[in-house]
Amino acid sequence: MSTTADPSPSSGSGSSMGDPLAALGGLPGVADSVDSVRKAVDRVYGHRIMRRRSNEITSEAALRGARGSAALSGADWALEEVRRRSDFSGDGEARTVGAALRLTAEAGQLLSIWRQSPLRVLARLHLVAAADSTDEAGRPRLAGEPVDEPLVELPLPDADEVAGRLEGLSQLIIAGGSAPALVTAAVVHGELLSLRPFGSHNGLVARAAERIVLVGSGLDPKSVCPAEAGYGELGRAAYVAALDGYASGRPEGMAAWIAHCGKAVELGVRESTAVCEALQRGAA
């Protein structure tokens with residue numbers, strides 16, 4: 001939702017632009033990304049194991065997604081370490097992993113609220129993420145308040161701009177529209193990470209919000225396609241480069257960000273497909 005993009009879902013409410021998120025779906029290459037993601041998701045949902053053991057796939061996808069999201073926020077733990085640990089109250093990395101796990105669990109409880117009150121959901125996500133910190137949790141930052149988000153080095157919008165753009169994003173979500181789920185999810189993710197509306201945990205919150213969009217849209221209703229795992233696999237450098245493209249507001253940059261998000265979903269599908277195949281072999 002950069003104010004320099006055209007088309008883009010920017011500048012407050014975006015009411016004069018009809019359906020700006022759908023317009024993003026017309027950017028070069030975006031339709032191909034949307035189609036590729038849809039086919040990948042359909043394949044994993046068609047796996048025979050999904051018909052009998054989908055709850056296990058969902059649980060494993062949640063663990064892998066939380067692990068990938070935490071890695072992007074600086075806590076790059078092995079999957080088995082995340083699986084093994086029960087205490088996440090130690091150092092900064094442990095708290096980051098704990099926050100990612102809490103958000104993954106919480107996101108599924110907020111689906112019914114998202115379309116009516118996305119700002120309320122974002123506040124709740126931050127409250128959950130920052131539960132073990134001293135941050136002013138659950139509210140956007142005020143003028144002059146610092147932001148702890150070392151991965152993102154984009155210029156930091158001031159508090160007034162943050163408030164306006166959050167309201168614009170909220171209005172777009174409440175209004176709905178015809179944009180593909182991937183496009184909406186990518187915009188929610190990119191906008192939140194560009195704005196960094198909270199004093200901390202913005203990356204974790206942005207990725208959890210993307211997860212809510214993908215599940216709530218019906219693209220991934222059982223939450224078995226952990227894009228967060230895909231982002232982790234693609235790496236922090238690629239993630240930052242793609243986000244820079246989104247924040248530039250240029251059509252090619254935004255299209256590249258959407259494509260990056262699509263690739264992450266497909267890699268998440270690959271993770272869950274591997275889990276299905278392991279279960280089918282009786283190896284997991």
# chains A, B, ... in the order shown; residues from 1 in each chain; ligands from 1

$ residues_around --residues "Val82 (chain A)" --least-positions-apart "6" --cutoff "8 Å" --atoms "only C-alpha atoms" --output "list in words"
Leu63, Arg67 and Val97 of chain A

$ select_by_dssp --residues "region 59-238 of chain A" --states "alpha helix (DSSP H)" --output "ChimeraX atom specification"
/A:59-72,79-84,92-107,111-114,118-129,159-175,181-195,202-216,227-234,236-238

$ closest_residue --among "A:Ala23, A:Leu204, A:Leu214, A:Leu79" --to "Arg64 (chain A)" --atoms "only C-alpha atoms"
A:Leu79

$ atom_distance --atom1 "CA of Pro157 (chain A)" --atom2 "CA of Ser194 (chain A)"
8.2 Å

$ atom_distance --atom1 "CA of His47 (chain A)" --atom2 "CA of Arg270 (chain A)"
11.9 Å

$ atom_distance --atom1 "CA of Asp160 (chain A)" --atom2 "CA of Val183 (chain A)"
25.8 Å

$ closest_residue --among "A:Leu24, A:Val275, A:Ala40, A:Ala107" --to "Gly177 (chain A)" --atoms "only C-alpha atoms"
A:Leu24

$ residues_around --residues "region 233-245 of chain A" --least-positions-apart "4" --cutoff "12 Å" --atoms "only C-alpha atoms" --output "mmCIF file with N, CA and C atoms, in the first residue's frame"
data_model
loop_
_atom_site.group_PDB
_atom_site.id
_atom_site.type_symbol
_atom_site.label_atom_id
_atom_site.label_comp_id
_atom_site.auth_asym_id
_atom_site.auth_seq_id
_atom_site.Cartn_x
_atom_site.Cartn_y
_atom_site.Cartn_z
ATOM 1 N N MET A 1 0.817 -1.197 0.000
ATOM 2 C CA MET A 1 0.000 0.000 0.000
ATOM 3 C C MET A 1 0.849 1.244 0.000
ATOM 4 N N SER A 2 1.908 1.198 -0.722
ATOM 5 C CA SER A 2 2.769 2.370 -0.836
ATOM 6 C C SER A 2 2.036 3.487 -1.550
ATOM 7 N N THR A 4 3.234 5.466 -3.546
ATOM 8 C CA THR A 4 3.823 5.792 -4.841
ATOM 9 C C THR A 4 3.435 4.814 -5.931
ATOM 10 N N ALA A 5 2.698 3.787 -5.591
ATOM 11 C CA ALA A 5 2.380 2.763 -6.583
ATOM 12 C C ALA A 5 1.115 3.113 -7.341
ATOM 13 N N ARG A 64 6.154 -25.973 11.918
ATOM 14 C CA ARG A 64 7.126 -25.581 10.902
ATOM 15 C C ARG A 64 6.966 -24.112 10.514
ATOM 16 N N GLY A 65 5.726 -23.643 10.482
ATOM 17 C CA GLY A 65 5.500 -22.233 10.198
ATOM 18 C C GLY A 65 6.065 -21.337 11.277
ATOM 19 N N ARG A 67 8.470 -22.027 13.317
ATOM 20 C CA ARG A 67 9.930 -22.114 13.242
ATOM 21 C C ARG A 67 10.471 -21.185 12.144
ATOM 22 N N GLY A 68 9.818 -21.173 10.978
ATOM 23 C CA GLY A 68 10.265 -20.318 9.886
ATOM 24 C C GLY A 68 10.097 -18.847 10.188
ATOM 25 N N SER A 69 8.981 -18.480 10.825
ATOM 26 C CA SER A 69 8.752 -17.080 11.161
ATOM 27 C C SER A 69 9.770 -16.600 12.184
ATOM 28 N N ALA A 70 10.044 -17.440 13.179
ATOM 29 C CA ALA A 70 11.041 -17.077 14.191
ATOM 30 C C ALA A 70 12.419 -16.901 13.564
ATOM 31 N N ALA A 71 12.750 -17.759 12.588
ATOM 32 C CA ALA A 71 14.056 -17.657 11.930
ATOM 33 C C ALA A 71 14.220 -16.296 11.263
ATOM 34 N N LEU A 72 13.156 -15.794 10.628
ATOM 35 C CA LEU A 72 13.225 -14.486 9.987
ATOM 36 C C LEU A 72 13.355 -13.360 11.001
ATOM 37 N N SER A 73 12.946 -13.624 12.223
ATOM 38 C CA SER A 73 13.073 -12.619 13.288
ATOM 39 C C SER A 73 14.315 -12.831 14.132
ATOM 40 N N GLY A 74 15.255 -13.656 13.633
ATOM 41 C CA GLY A 74 16.558 -13.773 14.271
ATOM 42 C C GLY A 74 16.776 -14.980 15.147
ATOM 43 N N ALA A 75 15.780 -15.868 15.248
ATOM 44 C CA ALA A 75 15.919 -17.073 16.078
ATOM 45 C C ALA A 75 15.850 -18.295 15.156
ATOM 46 N N ASP A 76 16.961 -18.595 14.517
ATOM 47 C CA ASP A 76 16.991 -19.655 13.502
ATOM 48 C C ASP A 76 17.325 -20.990 14.161
ATOM 49 N N PRO A 150 15.083 -5.304 13.669
ATOM 50 C CA PRO A 150 16.403 -5.158 13.048
ATOM 51 C C PRO A 150 16.493 -5.675 11.620
ATOM 52 N N LEU A 151 15.619 -6.580 11.228
ATOM 53 C CA LEU A 151 15.709 -7.124 9.875
ATOM 54 C C LEU A 151 15.334 -6.085 8.821
ATOM 55 N N VAL A 152 14.415 -5.199 9.148
ATOM 56 C CA VAL A 152 13.870 -4.254 8.179
ATOM 57 C C VAL A 152 14.531 -2.900 8.360
ATOM 58 N N GLU A 153 15.160 -2.405 7.311
ATOM 59 C CA GLU A 153 15.871 -1.143 7.380
ATOM 60 C C GLU A 153 15.217 -0.055 6.534
ATOM 61 N N LEU A 154 13.983 -0.272 6.133
ATOM 62 C CA LEU A 154 13.261 0.739 5.377
ATOM 63 C C LEU A 154 13.023 1.971 6.242
ATOM 64 N N PRO A 155 12.872 3.138 5.616
ATOM 65 C CA PRO A 155 12.503 4.323 6.394
ATOM 66 C C PRO A 155 11.230 4.056 7.199
ATOM 67 N N ALA A 186 -0.491 -11.065 0.531
ATOM 68 C CA ALA A 186 0.798 -10.414 0.297
ATOM 69 C C ALA A 186 0.740 -8.938 0.656
ATOM 70 N N VAL A 187 -0.363 -8.275 0.348
ATOM 71 C CA VAL A 187 -0.492 -6.853 0.662
ATOM 72 C C VAL A 187 -0.577 -6.649 2.175
ATOM 73 N N HIS A 189 0.626 -8.563 4.518
ATOM 74 C CA HIS A 189 1.964 -8.862 5.030
ATOM 75 C C HIS A 189 2.925 -7.708 4.735
ATOM 76 N N GLY A 190 2.982 -7.298 3.479
ATOM 77 C CA GLY A 190 3.929 -6.261 3.084
ATOM 78 C C GLY A 190 3.629 -4.918 3.724
ATOM 79 N N GLU A 191 2.360 -4.589 3.831
ATOM 80 C CA GLU A 191 1.998 -3.300 4.416
ATOM 81 C C GLU A 191 2.361 -3.245 5.896
ATOM 82 N N LEU A 192 2.051 -4.300 6.615
ATOM 83 C CA LEU A 192 2.356 -4.305 8.053
ATOM 84 C C LEU A 192 3.858 -4.258 8.306
ATOM 85 N N LEU A 193 4.610 -4.979 7.494
ATOM 86 C CA LEU A 193 6.055 -4.991 7.723
ATOM 87 C C LEU A 193 6.691 -3.676 7.276
ATOM 88 N N SER A 194 6.131 -3.037 6.272
ATOM 89 C CA SER A 194 6.639 -1.723 5.870
ATOM 90 C C SER A 194 6.314 -0.656 6.915
ATOM 91 N N LEU A 195 5.125 -0.733 7.480
ATOM 92 C CA LEU A 195 4.703 0.264 8.472
ATOM 93 C C LEU A 195 5.358 0.051 9.826
ATOM 94 N N GLY A 203 7.388 -8.279 12.416
ATOM 95 C CA GLY A 203 7.509 -9.343 11.441
ATOM 96 C C GLY A 203 6.656 -10.539 11.801
ATOM 97 N N ARG A 207 3.399 -11.814 9.526
ATOM 98 C CA ARG A 207 3.303 -13.165 8.958
ATOM 99 C C ARG A 207 2.103 -13.925 9.521
ATOM 100 N N PRO A 226 2.184 -23.765 5.256
ATOM 101 C CA PRO A 226 2.847 -22.723 6.046
ATOM 102 C C PRO A 226 3.803 -21.861 5.237
ATOM 103 N N ALA A 227 3.303 -20.720 4.784
ATOM 104 C CA ALA A 227 4.161 -19.806 4.031
ATOM 105 C C ALA A 227 5.377 -19.393 4.839
ATOM 106 N N GLU A 228 5.222 -19.293 6.160
ATOM 107 C CA GLU A 228 6.328 -18.873 7.009
ATOM 108 C C GLU A 228 7.529 -19.809 6.862
ATOM 109 N N ALA A 229 7.244 -21.105 6.729
ATOM 110 C CA ALA A 229 8.327 -22.064 6.496
ATOM 111 C C ALA A 229 9.005 -21.788 5.164
ATOM 112 N N GLY A 249 6.720 0.799 -4.078
ATOM 113 C CA GLY A 249 5.485 1.226 -4.708
ATOM 114 C C GLY A 249 5.456 1.049 -6.206
ATOM 115 N N ARG A 250 6.555 0.614 -6.802
ATOM 116 C CA ARG A 250 6.580 0.422 -8.249
ATOM 117 C C ARG A 250 5.854 -0.871 -8.613
ATOM 118 N N PRO A 251 5.112 -0.886 -9.703
ATOM 119 C CA PRO A 251 4.372 -2.094 -10.069
ATOM 120 C C PRO A 251 5.246 -3.339 -10.142
ATOM 121 N N GLU A 252 6.454 -3.204 -10.720
ATOM 122 C CA GLU A 252 7.305 -4.396 -10.834
ATOM 123 C C GLU A 252 7.775 -4.874 -9.466
ATOM 124 N N GLY A 253 7.998 -3.927 -8.551
ATOM 125 C CA GLY A 253 8.414 -4.304 -7.206
ATOM 126 C C GLY A 253 7.300 -4.997 -6.450
ATOM 127 N N MET A 254 6.088 -4.494 -6.591
ATOM 128 C CA MET A 254 4.960 -5.116 -5.911
ATOM 129 C C MET A 254 4.659 -6.489 -6.498
ATOM 130 N N ALA A 255 4.784 -6.612 -7.809
ATOM 131 C CA ALA A 255 4.577 -7.922 -8.440
ATOM 132 C C ALA A 255 5.619 -8.921 -7.958
ATOM 133 N N ALA A 256 6.858 -8.472 -7.795
ATOM 134 C CA ALA A 256 7.919 -9.359 -7.315
ATOM 135 C C ALA A 256 7.650 -9.793 -5.876
ATOM 136 N N TRP A 257 7.128 -8.882 -5.050
ATOM 137 C CA TRP A 257 6.776 -9.243 -3.674
ATOM 138 C C TRP A 257 5.669 -10.302 -3.654
ATOM 139 N N ILE A 258 4.645 -10.108 -4.462
ATOM 140 C CA ILE A 258 3.553 -11.085 -4.521
ATOM 141 C C ILE A 258 4.081 -12.440 -4.994
ATOM 142 N N ALA A 259 4.977 -12.411 -5.982
ATOM 143 C CA ALA A 259 5.570 -13.662 -6.459
ATOM 144 C C ALA A 259 6.388 -14.331 -5.355
ATOM 145 N N HIS A 260 7.105 -13.542 -4.572
ATOM 146 C CA HIS A 260 7.892 -14.091 -3.466
ATOM 147 C C HIS A 260 6.963 -14.753 -2.442
ATOM 148 N N CYS A 261 5.861 -14.078 -2.128
ATOM 149 C CA CYS A 261 4.890 -14.657 -1.197
ATOM 150 C C CYS A 261 4.314 -15.953 -1.764
ATOM 151 N N GLY A 262 4.051 -15.976 -3.064
ATOM 152 C CA GLY A 262 3.530 -17.185 -3.679
ATOM 153 C C GLY A 262 4.520 -18.333 -3.609
ATOM 154 N N LYS A 263 5.778 -18.041 -3.857
ATOM 155 C CA LYS A 263 6.806 -19.077 -3.770
ATOM 156 C C LYS A 263 6.893 -19.620 -2.353
ATOM 157 N N ALA A 264 6.741 -18.752 -1.358
ATOM 158 C CA ALA A 264 6.781 -19.196 0.036
ATOM 159 C C ALA A 264 5.631 -20.151 0.337
ATOM 160 N N VAL A 265 4.446 -19.833 -0.173
ATOM 161 C CA VAL A 265 3.312 -20.736 0.028
ATOM 162 C C VAL A 265 3.596 -22.093 -0.623
ATOM 163 N N GLU A 266 4.142 -22.063 -1.831
ATOM 164 C CA GLU A 266 4.434 -23.328 -2.515
ATOM 165 C C GLU A 266 5.470 -24.153 -1.752
ATOM 166 N N LEU A 267 6.450 -23.501 -1.162
ATOM 167 C CA LEU A 267 7.426 -24.230 -0.356
ATOM 168 C C LEU A 267 6.780 -24.767 0.920
ATOM 169 N N GLY A 268 5.825 -24.018 1.466
ATOM 170 C CA GLY A 268 5.069 -24.534 2.596
ATOM 171 C C GLY A 268 4.271 -25.760 2.220
ATOM 172 N N ARG A 270 5.132 -27.845 -0.064
ATOM 173 C CA ARG A 270 6.108 -28.930 -0.185
ATOM 174 C C ARG A 270 6.432 -29.541 1.169
ATOM 175 N N GLU A 271 6.532 -28.692 2.197
ATOM 176 C CA GLU A 271 6.779 -29.200 3.553
ATOM 177 C C GLU A 271 5.668 -30.157 3.979
#
